[in-house]
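Structure file coords-v4.cif with mmCIF, N, CA and C atoms:
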```cif
data_run
loop_
_atom_site.group_PDB
_atom_site.id
_atom_site.type_symbol
_atom_site.label_atom_id
_atom_site.label_comp_id
_atom_site.auth_asym_id
_atom_site.auth_seq_id
_atom_site.Cartn_x
_atom_site.Cartn_y
_atom_site.Cartn_z
ATOM 1 N N MET A 1 -1.808 -22.318 1.561
ATOM 2 C CA MET A 1 -1.931 -21.012 0.937
ATOM 3 C C MET A 1 -0.585 -20.288 1.043
ATOM 4 N N GLU A 2 -0.151 -19.681 -0.031
ATOM 5 C CA GLU A 2 1.131 -18.989 -0.041
ATOM 6 C C GLU A 2 0.946 -17.513 0.296
ATOM 7 N N ILE A 3 1.923 -16.970 1.016
ATOM 8 C CA ILE A 3 1.887 -15.557 1.410
ATOM 9 C C ILE A 3 2.314 -14.688 0.228
ATOM 10 N N ASP A 4 1.581 -13.617 0.002
ATOM 11 C CA ASP A 4 1.891 -12.648 -1.052
ATOM 12 C C ASP A 4 3.143 -11.874 -0.655
ATOM 13 N N LYS A 5 4.244 -12.133 -1.350
ATOM 14 C CA LYS A 5 5.521 -11.518 -1.002
ATOM 15 C C LYS A 5 5.547 -10.007 -1.245
ATOM 16 N N ILE A 6 4.699 -9.539 -2.132
ATOM 17 C CA ILE A 6 4.631 -8.094 -2.372
ATOM 18 C C ILE A 6 4.073 -7.397 -1.130
ATOM 19 N N ILE A 7 3.015 -7.928 -0.583
ATOM 20 C CA ILE A 7 2.390 -7.330 0.600
ATOM 21 C C ILE A 7 3.199 -7.630 1.860
ATOM 22 N N HIS A 8 3.818 -8.791 1.914
ATOM 23 C CA HIS A 8 4.490 -9.242 3.142
ATOM 24 C C HIS A 8 5.681 -8.362 3.541
ATOM 25 N N GLU A 9 6.273 -7.653 2.614
ATOM 26 C CA GLU A 9 7.388 -6.755 2.947
ATOM 27 C C GLU A 9 6.854 -5.716 3.940
ATOM 28 N N PRO A 10 7.519 -5.544 5.105
ATOM 29 C CA PRO A 10 6.952 -4.707 6.176
ATOM 30 C C PRO A 10 6.492 -3.304 5.767
ATOM 31 N N ALA A 11 7.270 -2.590 4.988
ATOM 32 C CA ALA A 11 6.864 -1.229 4.600
ATOM 33 C C ALA A 11 5.611 -1.274 3.729
ATOM 34 N N ARG A 12 5.554 -2.214 2.800
ATOM 35 C CA ARG A 12 4.369 -2.304 1.931
ATOM 36 C C ARG A 12 3.142 -2.767 2.708
ATOM 37 N N LEU A 13 3.329 -3.640 3.689
ATOM 38 C CA LEU A 13 2.199 -4.057 4.522
ATOM 39 C C LEU A 13 1.647 -2.853 5.285
ATOM 40 N N ARG A 14 2.521 -2.028 5.818
ATOM 41 C CA ARG A 14 2.069 -0.825 6.522
ATOM 42 C C ARG A 14 1.310 0.105 5.579
ATOM 43 N N ILE A 15 1.810 0.270 4.365
ATOM 44 C CA ILE A 15 1.130 1.109 3.371
ATOM 45 C C ILE A 15 -0.255 0.548 3.069
ATOM 46 N N MET A 16 -0.316 -0.753 2.829
ATOM 47 C CA MET A 16 -1.607 -1.388 2.500
ATOM 48 C C MET A 16 -2.597 -1.249 3.653
ATOM 49 N N MET A 17 -2.112 -1.381 4.879
ATOM 50 C CA MET A 17 -2.995 -1.241 6.040
ATOM 51 C C MET A 17 -3.551 0.177 6.142
ATOM 52 N N ILE A 18 -2.716 1.175 5.925
ATOM 53 C CA ILE A 18 -3.196 2.561 5.950
ATOM 54 C C ILE A 18 -4.235 2.778 4.853
ATOM 55 N N LEU A 19 -3.918 2.337 3.642
ATOM 56 C CA LEU A 19 -4.829 2.547 2.515
ATOM 57 C C LEU A 19 -6.148 1.801 2.695
ATOM 58 N N SER A 20 -6.113 0.677 3.404
ATOM 59 C CA SER A 20 -7.351 -0.087 3.590
ATOM 60 C C SER A 20 -8.333 0.627 4.511
ATOM 61 N N GLY A 21 -7.843 1.593 5.285
ATOM 62 C CA GLY A 21 -8.709 2.299 6.229
ATOM 63 C C GLY A 21 -9.208 3.651 5.758
ATOM 64 N N VAL A 22 -8.842 4.045 4.537
ATOM 65 C CA VAL A 22 -9.242 5.360 4.018
ATOM 66 C C VAL A 22 -9.665 5.232 2.554
ATOM 67 N N ASP A 23 -10.359 6.243 2.058
ATOM 68 C CA ASP A 23 -10.712 6.261 0.634
ATOM 69 C C ASP A 23 -9.476 6.549 -0.209
ATOM 70 N N GLU A 24 -8.697 7.535 0.242
ATOM 71 C CA GLU A 24 -7.464 7.891 -0.446
ATOM 72 C C GLU A 24 -6.584 8.673 0.516
ATOM 73 N N VAL A 25 -5.299 8.737 0.181
ATOM 74 C CA VAL A 25 -4.351 9.429 1.043
ATOM 75 C C VAL A 25 -3.280 10.061 0.168
ATOM 76 N N ASP A 26 -2.725 11.192 0.613
ATOM 77 C CA ASP A 26 -1.708 11.838 -0.213
ATOM 78 C C ASP A 26 -0.290 11.468 0.233
ATOM 79 N N PHE A 27 0.652 11.783 -0.634
ATOM 80 C CA PHE A 27 2.056 11.441 -0.438
ATOM 81 C C PHE A 27 2.597 12.000 0.873
ATOM 82 N N SER A 28 2.281 13.243 1.161
ATOM 83 C CA SER A 28 2.790 13.900 2.372
ATOM 84 C C SER A 28 2.323 13.181 3.631
ATOM 85 N N PHE A 29 1.073 12.777 3.648
ATOM 86 C CA PHE A 29 0.550 12.056 4.809
ATOM 87 C C PHE A 29 1.301 10.742 5.008
ATOM 88 N N LEU A 30 1.447 9.968 3.930
ATOM 89 C CA LEU A 30 2.164 8.696 4.042
ATOM 90 C C LEU A 30 3.611 8.915 4.457
ATOM 91 N N LEU A 31 4.229 9.906 3.880
ATOM 92 C CA LEU A 31 5.632 10.200 4.177
ATOM 93 C C LEU A 31 5.827 10.481 5.665
ATOM 94 N N SER A 32 4.975 11.311 6.237
ATOM 95 C CA SER A 32 5.118 11.656 7.654
ATOM 96 C C SER A 32 4.669 10.511 8.563
ATOM 97 N N THR A 33 3.628 9.800 8.186
ATOM 98 C CA THR A 33 3.117 8.708 9.009
ATOM 99 C C THR A 33 4.085 7.530 9.040
ATOM 100 N N LEU A 34 4.648 7.194 7.898
ATOM 101 C CA LEU A 34 5.523 6.027 7.805
ATOM 102 C C LEU A 34 6.985 6.346 8.112
ATOM 103 N N GLU A 35 7.318 7.634 8.160
ATOM 104 C CA GLU A 35 8.685 8.081 8.429
ATOM 105 C C GLU A 35 9.692 7.425 7.476
ATOM 106 N N MET A 36 9.375 7.479 6.186
ATOM 107 C CA MET A 36 10.246 6.955 5.141
ATOM 108 C C MET A 36 10.864 8.121 4.383
ATOM 109 N N THR A 37 11.888 7.815 3.597
ATOM 110 C CA THR A 37 12.412 8.830 2.686
ATOM 111 C C THR A 37 11.469 8.909 1.489
ATOM 112 N N LYS A 38 11.532 9.999 0.766
ATOM 113 C CA LYS A 38 10.689 10.160 -0.423
ATOM 114 C C LYS A 38 10.970 9.057 -1.438
ATOM 115 N N GLY A 39 12.257 8.774 -1.663
ATOM 116 C CA GLY A 39 12.626 7.750 -2.632
ATOM 117 C C GLY A 39 12.162 6.364 -2.236
ATOM 118 N N ASN A 40 12.278 6.040 -0.953
ATOM 119 C CA ASN A 40 11.861 4.732 -0.468
ATOM 120 C C ASN A 40 10.351 4.568 -0.606
ATOM 121 N N LEU A 41 9.596 5.582 -0.205
ATOM 122 C CA LEU A 41 8.140 5.524 -0.323
ATOM 123 C C LEU A 41 7.737 5.405 -1.785
ATOM 124 N N SER A 42 8.334 6.189 -2.641
ATOM 125 C CA SER A 42 8.014 6.143 -4.072
ATOM 126 C C SER A 42 8.290 4.762 -4.654
ATOM 127 N N SER A 43 9.397 4.166 -4.255
ATOM 128 C CA SER A 43 9.767 2.841 -4.743
ATOM 129 C C SER A 43 8.736 1.794 -4.335
ATOM 130 N N HIS A 44 8.312 1.835 -3.074
ATOM 131 C CA HIS A 44 7.298 0.884 -2.607
ATOM 132 C C HIS A 44 5.953 1.118 -3.304
ATOM 133 N N MET A 45 5.594 2.377 -3.509
ATOM 134 C CA MET A 45 4.327 2.677 -4.178
ATOM 135 C C MET A 45 4.361 2.216 -5.630
ATOM 136 N N ASP A 46 5.491 2.375 -6.290
ATOM 137 C CA ASP A 46 5.625 1.888 -7.668
ATOM 138 C C ASP A 46 5.420 0.383 -7.726
ATOM 139 N N ARG A 47 6.001 -0.324 -6.778
ATOM 140 C CA ARG A 47 5.869 -1.788 -6.734
ATOM 141 C C ARG A 47 4.411 -2.190 -6.519
ATOM 142 N N LEU A 48 3.730 -1.509 -5.622
ATOM 143 C CA LEU A 48 2.313 -1.802 -5.367
ATOM 144 C C LEU A 48 1.449 -1.453 -6.576
ATOM 145 N N GLU A 49 1.795 -0.377 -7.272
ATOM 146 C CA GLU A 49 1.054 -0.006 -8.480
ATOM 147 C C GLU A 49 1.271 -1.050 -9.574
ATOM 148 N N GLN A 50 2.502 -1.501 -9.751
ATOM 149 C CA GLN A 50 2.801 -2.522 -10.762
ATOM 150 C C GLN A 50 2.026 -3.812 -10.499
ATOM 151 N N ALA A 51 1.800 -4.133 -9.230
ATOM 152 C CA ALA A 51 1.044 -5.328 -8.865
ATOM 153 C C ALA A 51 -0.458 -5.129 -9.060
ATOM 154 N N GLY A 52 -0.868 -3.874 -9.296
ATOM 155 C CA GLY A 52 -2.288 -3.574 -9.471
ATOM 156 C C GLY A 52 -3.020 -3.358 -8.156
ATOM 157 N N TYR A 53 -2.262 -3.185 -7.060
ATOM 158 C CA TYR A 53 -2.869 -3.045 -5.744
ATOM 159 C C TYR A 53 -3.207 -1.603 -5.392
ATOM 160 N N VAL A 54 -2.550 -0.652 -6.045
ATOM 161 C CA VAL A 54 -2.716 0.761 -5.717
ATOM 162 C C VAL A 54 -2.866 1.568 -6.999
ATOM 163 N N GLU A 55 -3.749 2.559 -6.945
ATOM 164 C CA GLU A 55 -3.868 3.543 -8.027
ATOM 165 C C GLU A 55 -3.153 4.810 -7.565
ATOM 166 N N ILE A 56 -2.429 5.427 -8.494
ATOM 167 C CA ILE A 56 -1.712 6.656 -8.189
ATOM 168 C C ILE A 56 -2.263 7.766 -9.074
ATOM 169 N N PHE A 57 -2.674 8.851 -8.430
ATOM 170 C CA PHE A 57 -3.214 10.000 -9.144
ATOM 171 C C PHE A 57 -2.299 11.189 -8.897
ATOM 172 N N LYS A 58 -1.769 11.769 -9.969
ATOM 173 C CA LYS A 58 -0.866 12.919 -9.844
ATOM 174 C C LYS A 58 -1.509 14.140 -10.480
ATOM 175 N N ASN A 59 -1.485 15.242 -9.743
ATOM 176 C CA ASN A 59 -1.973 16.511 -10.269
ATOM 177 C C ASN A 59 -1.195 17.635 -9.594
ATOM 178 N N PHE A 60 -1.645 18.849 -9.785
ATOM 179 C CA PHE A 60 -0.966 20.003 -9.196
ATOM 180 C C PHE A 60 -1.949 20.843 -8.414
ATOM 181 N N ASN A 61 -1.482 21.355 -7.280
ATOM 182 C CA ASN A 61 -2.192 22.388 -6.532
ATOM 183 C C ASN A 61 -1.426 23.667 -6.816
ATOM 184 N N GLY A 62 -1.870 24.401 -7.821
ATOM 185 C CA GLY A 62 -1.085 25.532 -8.311
ATOM 186 C C GLY A 62 0.133 24.968 -9.016
ATOM 187 N N LYS A 63 1.312 25.308 -8.524
ATOM 188 C CA LYS A 63 2.550 24.791 -9.110
ATOM 189 C C LYS A 63 3.143 23.642 -8.288
ATOM 190 N N ILE A 64 2.452 23.259 -7.221
ATOM 191 C CA ILE A 64 2.967 22.225 -6.322
ATOM 192 C C ILE A 64 2.388 20.868 -6.714
ATOM 193 N N PRO A 65 3.253 19.884 -6.985
ATOM 194 C CA PRO A 65 2.757 18.542 -7.309
ATOM 195 C C PRO A 65 1.999 17.945 -6.124
ATOM 196 N N HIS A 66 0.935 17.234 -6.434
ATOM 197 C CA HIS A 66 0.118 16.587 -5.404
ATOM 198 C C HIS A 66 -0.193 15.170 -5.874
ATOM 199 N N THR A 67 0.256 14.184 -5.101
ATOM 200 C CA THR A 67 0.057 12.782 -5.462
ATOM 201 C C THR A 67 -0.853 12.133 -4.433
ATOM 202 N N VAL A 68 -1.864 11.414 -4.946
ATOM 203 C CA VAL A 68 -2.847 10.751 -4.093
ATOM 204 C C VAL A 68 -2.844 9.264 -4.439
ATOM 205 N N TYR A 69 -3.032 8.422 -3.409
ATOM 206 C CA TYR A 69 -3.039 6.972 -3.578
ATOM 207 C C TYR A 69 -4.360 6.400 -3.109
ATOM 208 N N ARG A 70 -4.770 5.345 -3.801
ATOM 209 C CA ARG A 70 -6.014 4.657 -3.457
ATOM 210 C C ARG A 70 -5.805 3.156 -3.650
ATOM 211 N N LEU A 71 -6.312 2.369 -2.723
ATOM 212 C CA LEU A 71 -6.264 0.920 -2.839
ATOM 213 C C LEU A 71 -7.264 0.491 -3.910
ATOM 214 N N THR A 72 -6.862 -0.376 -4.814
ATOM 215 C CA THR A 72 -7.760 -0.876 -5.853
ATOM 216 C C THR A 72 -8.574 -2.052 -5.312
ATOM 217 N N LYS A 73 -9.560 -2.453 -6.079
ATOM 218 C CA LYS A 73 -10.339 -3.642 -5.720
ATOM 219 C C LYS A 73 -9.410 -4.857 -5.649
ATOM 220 N N THR A 74 -8.491 -4.946 -6.590
ATOM 221 C CA THR A 74 -7.503 -6.027 -6.593
ATOM 222 C C THR A 74 -6.653 -5.977 -5.333
ATOM 223 N N GLY A 75 -6.270 -4.774 -4.923
ATOM 224 C CA GLY A 75 -5.483 -4.600 -3.708
ATOM 225 C C GLY A 75 -6.245 -5.015 -2.463
ATOM 226 N N LYS A 76 -7.525 -4.671 -2.405
ATOM 227 C CA LYS A 76 -8.352 -5.066 -1.260
ATOM 228 C C LYS A 76 -8.481 -6.578 -1.188
ATOM 229 N N THR A 77 -8.681 -7.204 -2.334
ATOM 230 C CA THR A 77 -8.793 -8.660 -2.384
ATOM 231 C C THR A 77 -7.470 -9.314 -1.978
ATOM 232 N N ALA A 78 -6.360 -8.784 -2.485
ATOM 233 C CA ALA A 78 -5.042 -9.338 -2.161
ATOM 234 C C ALA A 78 -4.749 -9.210 -0.669
ATOM 235 N N LEU A 79 -5.114 -8.090 -0.062
ATOM 236 C CA LEU A 79 -4.878 -7.892 1.363
ATOM 237 C C LEU A 79 -5.726 -8.859 2.189
ATOM 238 N N SER A 80 -6.954 -9.056 1.778
ATOM 239 C CA SER A 80 -7.833 -10.010 2.455
ATOM 240 C C SER A 80 -7.255 -11.429 2.373
ATOM 241 N N LYS A 81 -6.785 -11.816 1.191
ATOM 242 C CA LYS A 81 -6.165 -13.138 1.019
ATOM 243 C C LYS A 81 -4.895 -13.253 1.859
ATOM 244 N N TYR A 82 -4.136 -12.175 1.943
ATOM 245 C CA TYR A 82 -2.920 -12.159 2.753
ATOM 246 C C TYR A 82 -3.257 -12.486 4.203
ATOM 247 N N TRP A 83 -4.272 -11.814 4.760
ATOM 248 C CA TRP A 83 -4.636 -12.052 6.158
ATOM 249 C C TRP A 83 -5.163 -13.468 6.359
ATOM 250 N N LYS A 84 -5.887 -14.000 5.385
ATOM 251 C CA LYS A 84 -6.356 -15.398 5.481
ATOM 252 C C LYS A 84 -5.173 -16.352 5.507
ATOM 253 N N SER A 85 -4.150 -16.070 4.711
ATOM 254 C CA SER A 85 -2.931 -16.894 4.705
ATOM 255 C C SER A 85 -2.240 -16.846 6.059
ATOM 256 N N ILE A 86 -2.146 -15.662 6.620
ATOM 257 C CA ILE A 86 -1.523 -15.501 7.939
ATOM 258 C C ILE A 86 -2.320 -16.264 8.993
ATOM 259 N N ASP A 87 -3.649 -16.168 8.930
ATOM 260 C CA ASP A 87 -4.500 -16.900 9.881
ATOM 261 C C ASP A 87 -4.295 -18.408 9.760
ATOM 262 N N GLU A 88 -4.175 -18.910 8.540
ATOM 263 C CA GLU A 88 -3.938 -20.339 8.333
ATOM 264 C C GLU A 88 -2.612 -20.773 8.931
ATOM 265 N N ILE A 89 -1.614 -19.958 8.781
ATOM 266 C CA ILE A 89 -0.296 -20.262 9.368
ATOM 267 C C ILE A 89 -0.411 -20.277 10.890
ATOM 268 N N ARG A 90 -1.095 -19.293 11.443
ATOM 269 C CA ARG A 90 -1.250 -19.231 12.892
ATOM 270 C C ARG A 90 -2.001 -20.439 13.425
ATOM 271 N N LYS A 91 -3.020 -20.893 12.720
ATOM 272 C CA LYS A 91 -3.803 -22.052 13.155
ATOM 273 C C LYS A 91 -3.006 -23.346 13.100
ATOM 274 N N SER A 92 -2.036 -23.407 12.208
ATOM 275 C CA SER A 92 -1.267 -24.645 12.054
ATOM 276 C C SER A 92 -0.165 -24.786 13.100
ATOM 277 N N ILE A 93 0.059 -23.752 13.871
ATOM 278 C CA ILE A 93 1.141 -23.806 14.884
ATOM 279 C C ILE A 93 0.625 -24.411 16.171
#
```
For the structure just supplied, provide its representation as structure tokens.
Amino acid sequence: MEIDKIIHEPARLRIMMILSGVDEVDFSFLLSTLEMTKGNLSSHMDRLEQAGYVEIFKNFNGKIPHTVYRLTKTGKTALSKYWKSIDEIRKSI
């Protein structure tokens, strides 16, 4: 089984792990929890969205932009497959 290189990148794996434990999370929470720059977090989220692993919802609270992220069904399946791949590697050692 091959490891999903999109998820395997450490920052994206951390994002996927956070999203797997919640219904949804906002940009500010991820930014403070992951201690990333805004640009770096946005770049990783774009990559996860392009893969179909994350949904991004943008709206406004008054005049303040508010971005929320949610793991998709595809993302949940991909993360599960990722962990199975890791387990297979661990068993072969």
Between CA of Glu24 (chain A) and CA of Tyr69 (chain A), what is the spacing in Å?
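Going from CA of Tyr69 (chain A) over to CA of Glu24 (chain A), I get 5.5 Å.
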I'd like to see the residues matched by the PyMOL selection byres ((chain A and resi 40-52) around 6.5) on this file, and ideally I'd get them as a PyMOL selection string.
chain A and resi 12+36-39+53-56+72+74-75
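Checking A:Leu79, A:Glu9, A:Asp26, A:Leu34 one by one against Thr67 (chain A), counting only N, CA and C atoms, you find the shortest gap at A:Asp26.
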Looking only at helix (DSSP H, G or I) from DSSP on the backbone, list the matching residues of chain A as number ranges by chain.
A: 5-8, 10-20, 27-34, 38-50, 73-92
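Note that the spacing between atom N of Asp4 (chain A) and atom N of Ile86 (chain A) amounts to 7.9 Å.
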Mind pulling up the distance from atom C of Glu2 (chain A) to CA of Leu19 (chain A)?
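Atom C of Glu2 (chain A) lies at a distance of 21.0 Å from CA of Leu19 (chain A).
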Using only N, CA and C atoms, which of the listed residues (A:Phe27, A:Ala11, A:Ile3, A:Ile93) sits closest to His66 (chain A)?
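Checking each candidate against His66 (chain A), we get A:Phe27 as the closest.
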Let me make sure I understand: among A:Lys58, A:His8, A:Arg70, A:Lys84, which one has the smallest atom-to-atom distance to Val25 (chain A) if we use only N, CA and C atoms?
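Looking at the shortest contact to Val25 (chain A), the residue is A:Arg70.
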Can you check which residues of chain A DSSP gives as strand (DSSP E) on the backbone and send them as a list in words?
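Residues meeting the strand (DSSP E) criterion: Val25, Asp26, Val54, Glu55, Ile56, Phe57, Lys58, Asn59, Phe60, Asn61, Ile64, Pro65, His66, Thr67, Val68, Tyr69, Arg70 and Leu71 of chain A.
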